[in-house]
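Notes for the one structure printed next.
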Amino acid sequence: MMKNTAIQAIEKEKLIVILRNVEEKQLLPLSEALYRGGIRLMEITYDASGIISDETVANQIQLLSNHWNGKMLIGAGTVLTEKQVELTKNAGGLFIISPNTDAAVIRKTNELEMVSIPGALTPTEIQTAHGAGADFVKLFPMDAMGASYLKAVKAPLSHVRFLAVGGIDCNNMQEYLKAGALGFGIGSSIIRKDLLKEENYTAITELAEAYVREANDYMQKKKI
């Protein structure tokens, strides 16, 4: 079952790289650069402003899903509506990530057998998301709160699988893992605008490698 495969991949790989407003011509070479760096999960975000249509984003998800054919798992981010969930499913996406908790979006995601990752911040929002059927809860915006906040909410909500998103980098990733994060959404720290503009895919591969190495290093230490 692809949903279970995606859940296991998120727990194992730890890193979901966020692609936001990337030009279509750059999607494949960028995804290849990330794959060479060890990334196996990518999220393509919908555009809440409406400048880029939902259908355009769904086409990008389909392009990448077809290209990778399961070698890299593709999902959608900034999912705010049930329609976007359906578009993602039809495009071959495997997981749905939102900045907020919306029970209808979570329900639709589960109906269509995709992984549900809504965003939440307060204990009430976190438990509401979990109770509505979320597979993971995206703690967001993490940089506004810090690892100590994650540790504090994880204590009474130990049944929830947390992903930390916002302000995560190589310097603090292990701190968040120690606090209870199972993984991360990483955007501009790896997909740097200056490197993308220059089409410096080698540098993006090197950044991806550094993040993967940091996550693997923590997991190795944990086993010792």
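Residues are referred to by chain and number: the chain letter is A, B, ... according to the order shown in the structure tokens, the number counts from 1 in that chain, and ligands are numbered separately from 1 in the order shown.
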*Pick out the residues sitting within 8 Å of region 98-111 of chain A, and hand them over as a list of chain:residue names; count only C-alpha atoms, and ignore anything fewer than 5 positions along from it in its own chain.*
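That gives A:Gly77, A:Thr78, A:Val79, A:Leu80, A:Thr81, A:Glu82, A:Val85, A:Glu86, A:Ser116, A:Ile117, A:Pro118, A:Gly119, A:Ala120, A:Glu125, A:Thr128, A:Ala129, A:Ala132, A:Gly133, A:Ala134, A:Lys138, A:Phe140.
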*For Asn69 (chain A), list every protein, DNA or RNA residue within 12 Å, evaluated using only C-alpha atoms, and leave out those in the same chain fewer than 3 positions away; present the list as an MDAnalysis selection string.*
chainID A and resid 40 61:66 72:74 91:94
Prev. selection, C-alpha atoms, output as a PDB file, in the first residue's frame:
```pdb
ATOM      1  CA  ARG A  40      13.939  11.090  -1.520  1.00  0.00           C
ATOM      2  CA  ILE A  61       3.358  17.172  -9.419  1.00  0.00           C
ATOM      3  CA  GLN A  62       2.391  14.814 -12.233  1.00  0.00           C
ATOM      4  CA  LEU A  63       5.542  15.639 -14.205  1.00  0.00           C
ATOM      5  CA  LEU A  64       7.735  14.777 -11.229  1.00  0.00           C
ATOM      6  CA  SER A  65       5.688  11.736 -10.165  1.00  0.00           C
ATOM      7  CA  ASN A  66       5.945  10.270 -13.652  1.00  0.00           C
ATOM      8  CA  MET A  72      11.505   9.845  -5.183  1.00  0.00           C
ATOM      9  CA  LEU A  73       8.143  10.387  -3.491  1.00  0.00           C
ATOM     10  CA  ILE A  74       6.232  13.524  -4.463  1.00  0.00           C
ATOM     11  CA  ALA A  91      -1.435  13.744 -10.341  1.00  0.00           C
ATOM     12  CA  GLY A  92       0.194  10.853  -8.488  1.00  0.00           C
ATOM     13  CA  GLY A  93       1.031  12.732  -5.275  1.00  0.00           C
ATOM     14  CA  LEU A  94       1.393  10.638  -2.130  1.00  0.00           C
TER      15      LEU A  94
END
```
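Residues in contact with Glu199 (chain A) at up to 9 Å, not including ones fewer than 5 positions away on its chain and judged by only C-alpha atoms, are Gln26, Pro29, Leu30 and Asp194 of chain A.
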Deliver the residues from the most recent selection as a file, using all heavy atoms, as an mmCIF file, in the first residue's frame.
```
data_model
loop_
_atom_site.group_PDB
_atom_site.id
_atom_site.type_symbol
_atom_site.label_atom_id
_atom_site.label_comp_id
_atom_site.auth_asym_id
_atom_site.auth_seq_id
_atom_site.Cartn_x
_atom_site.Cartn_y
_atom_site.Cartn_z
ATOM 1 N N GLN A 26 12.909 24.126 -14.665
ATOM 2 C CA GLN A 26 13.932 23.786 -13.665
ATOM 3 C C GLN A 26 13.556 22.594 -12.792
ATOM 4 O O GLN A 26 14.393 22.090 -12.046
ATOM 5 C CB GLN A 26 14.205 25.002 -12.766
ATOM 6 C CG GLN A 26 14.869 26.172 -13.486
ATOM 7 C CD GLN A 26 15.221 27.294 -12.523
ATOM 8 O OE1 GLN A 26 14.360 27.817 -11.839
ATOM 9 N NE2 GLN A 26 16.492 27.663 -12.466
ATOM 10 N N PRO A 29 15.778 19.158 -13.637
ATOM 11 C CA PRO A 29 17.183 19.235 -13.225
ATOM 12 C C PRO A 29 17.355 19.490 -11.727
ATOM 13 O O PRO A 29 18.282 18.966 -11.100
ATOM 14 C CB PRO A 29 17.753 20.390 -14.062
ATOM 15 C CG PRO A 29 16.588 21.120 -14.615
ATOM 16 C CD PRO A 29 15.474 20.143 -14.695
ATOM 17 N N LEU A 30 16.442 20.258 -11.126
ATOM 18 C CA LEU A 30 16.509 20.500 -9.687
ATOM 19 C C LEU A 30 16.241 19.213 -8.915
ATOM 20 O O LEU A 30 16.962 18.881 -7.962
ATOM 21 C CB LEU A 30 15.501 21.577 -9.296
ATOM 22 C CG LEU A 30 15.381 21.889 -7.800
ATOM 23 C CD1 LEU A 30 16.720 22.299 -7.199
ATOM 24 C CD2 LEU A 30 14.337 22.983 -7.565
ATOM 25 N N ASP A 194 19.487 32.224 -5.002
ATOM 26 C CA ASP A 194 20.641 32.634 -5.798
ATOM 27 C C ASP A 194 21.202 31.463 -6.597
ATOM 28 O O ASP A 194 21.570 31.611 -7.768
ATOM 29 C CB ASP A 194 21.729 33.249 -4.897
ATOM 30 C CG ASP A 194 22.200 32.316 -3.797
ATOM 31 O OD1 ASP A 194 21.390 31.488 -3.324
ATOM 32 O OD2 ASP A 194 23.380 32.397 -3.409
#
```
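Each of A:Ser31, A:Gly70, A:Ile51, A:Ala215 was compared to Glu11 (chain A) using only C-alpha atoms, and A:Ala215 turns out to be the nearest.
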*Any idea what's packed within 6 Å of Ala58 (chain A), counting only C-alpha atoms, ignoring anything in its chain fewer than 2 positions away? Could you give it as a ChimeraX atom specification?*
/A:55-56,60-61,87-88,91
_Close residues, Tyr211 (chain A) itself excluded, 10 Å, only C-alpha atoms, min 5 positions apart in chain, as a PyMOL selection string_ = chain A and resi 14-15+37-39+169-171+173+186+189-190+206+216-217
Those selected residues, please, written with C-alpha atoms and delivered as a PDB file, in the first residue's frame.
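For reference, out-v8.pdb as written:
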```
ATOM      1  CA  LYS A  14      13.587  12.594   7.741  1.00  0.00           C
ATOM      2  CA  LEU A  15      13.750  15.317   5.034  1.00  0.00           C
ATOM      3  CA  GLY A  37      22.287  14.683  -2.751  1.00  0.00           C
ATOM      4  CA  GLY A  38      20.266  11.892  -1.141  1.00  0.00           C
ATOM      5  CA  ILE A  39      16.815  13.523  -0.991  1.00  0.00           C
ATOM      6  CA  ASP A 169      19.044  24.185   9.207  1.00  0.00           C
ATOM      7  CA  CYS A 170      22.158  22.017   9.630  1.00  0.00           C
ATOM      8  CA  ASN A 171      23.086  23.853  12.825  1.00  0.00           C
ATOM      9  CA  MET A 173      18.486  19.941  13.083  1.00  0.00           C
ATOM     10  CA  ILE A 186      13.239  22.212   4.392  1.00  0.00           C
ATOM     11  CA  SER A 189      17.940  26.567   3.128  1.00  0.00           C
ATOM     12  CA  ILE A 190      18.535  24.009   0.357  1.00  0.00           C
ATOM     13  CA  GLU A 206      26.113  19.666  -1.937  1.00  0.00           C
ATOM     14  CA  ASN A 216      22.035  10.289   9.308  1.00  0.00           C
ATOM     15  CA  ASP A 217      24.700  11.296  11.820  1.00  0.00           C
TER      16      ASP A 217
END
```
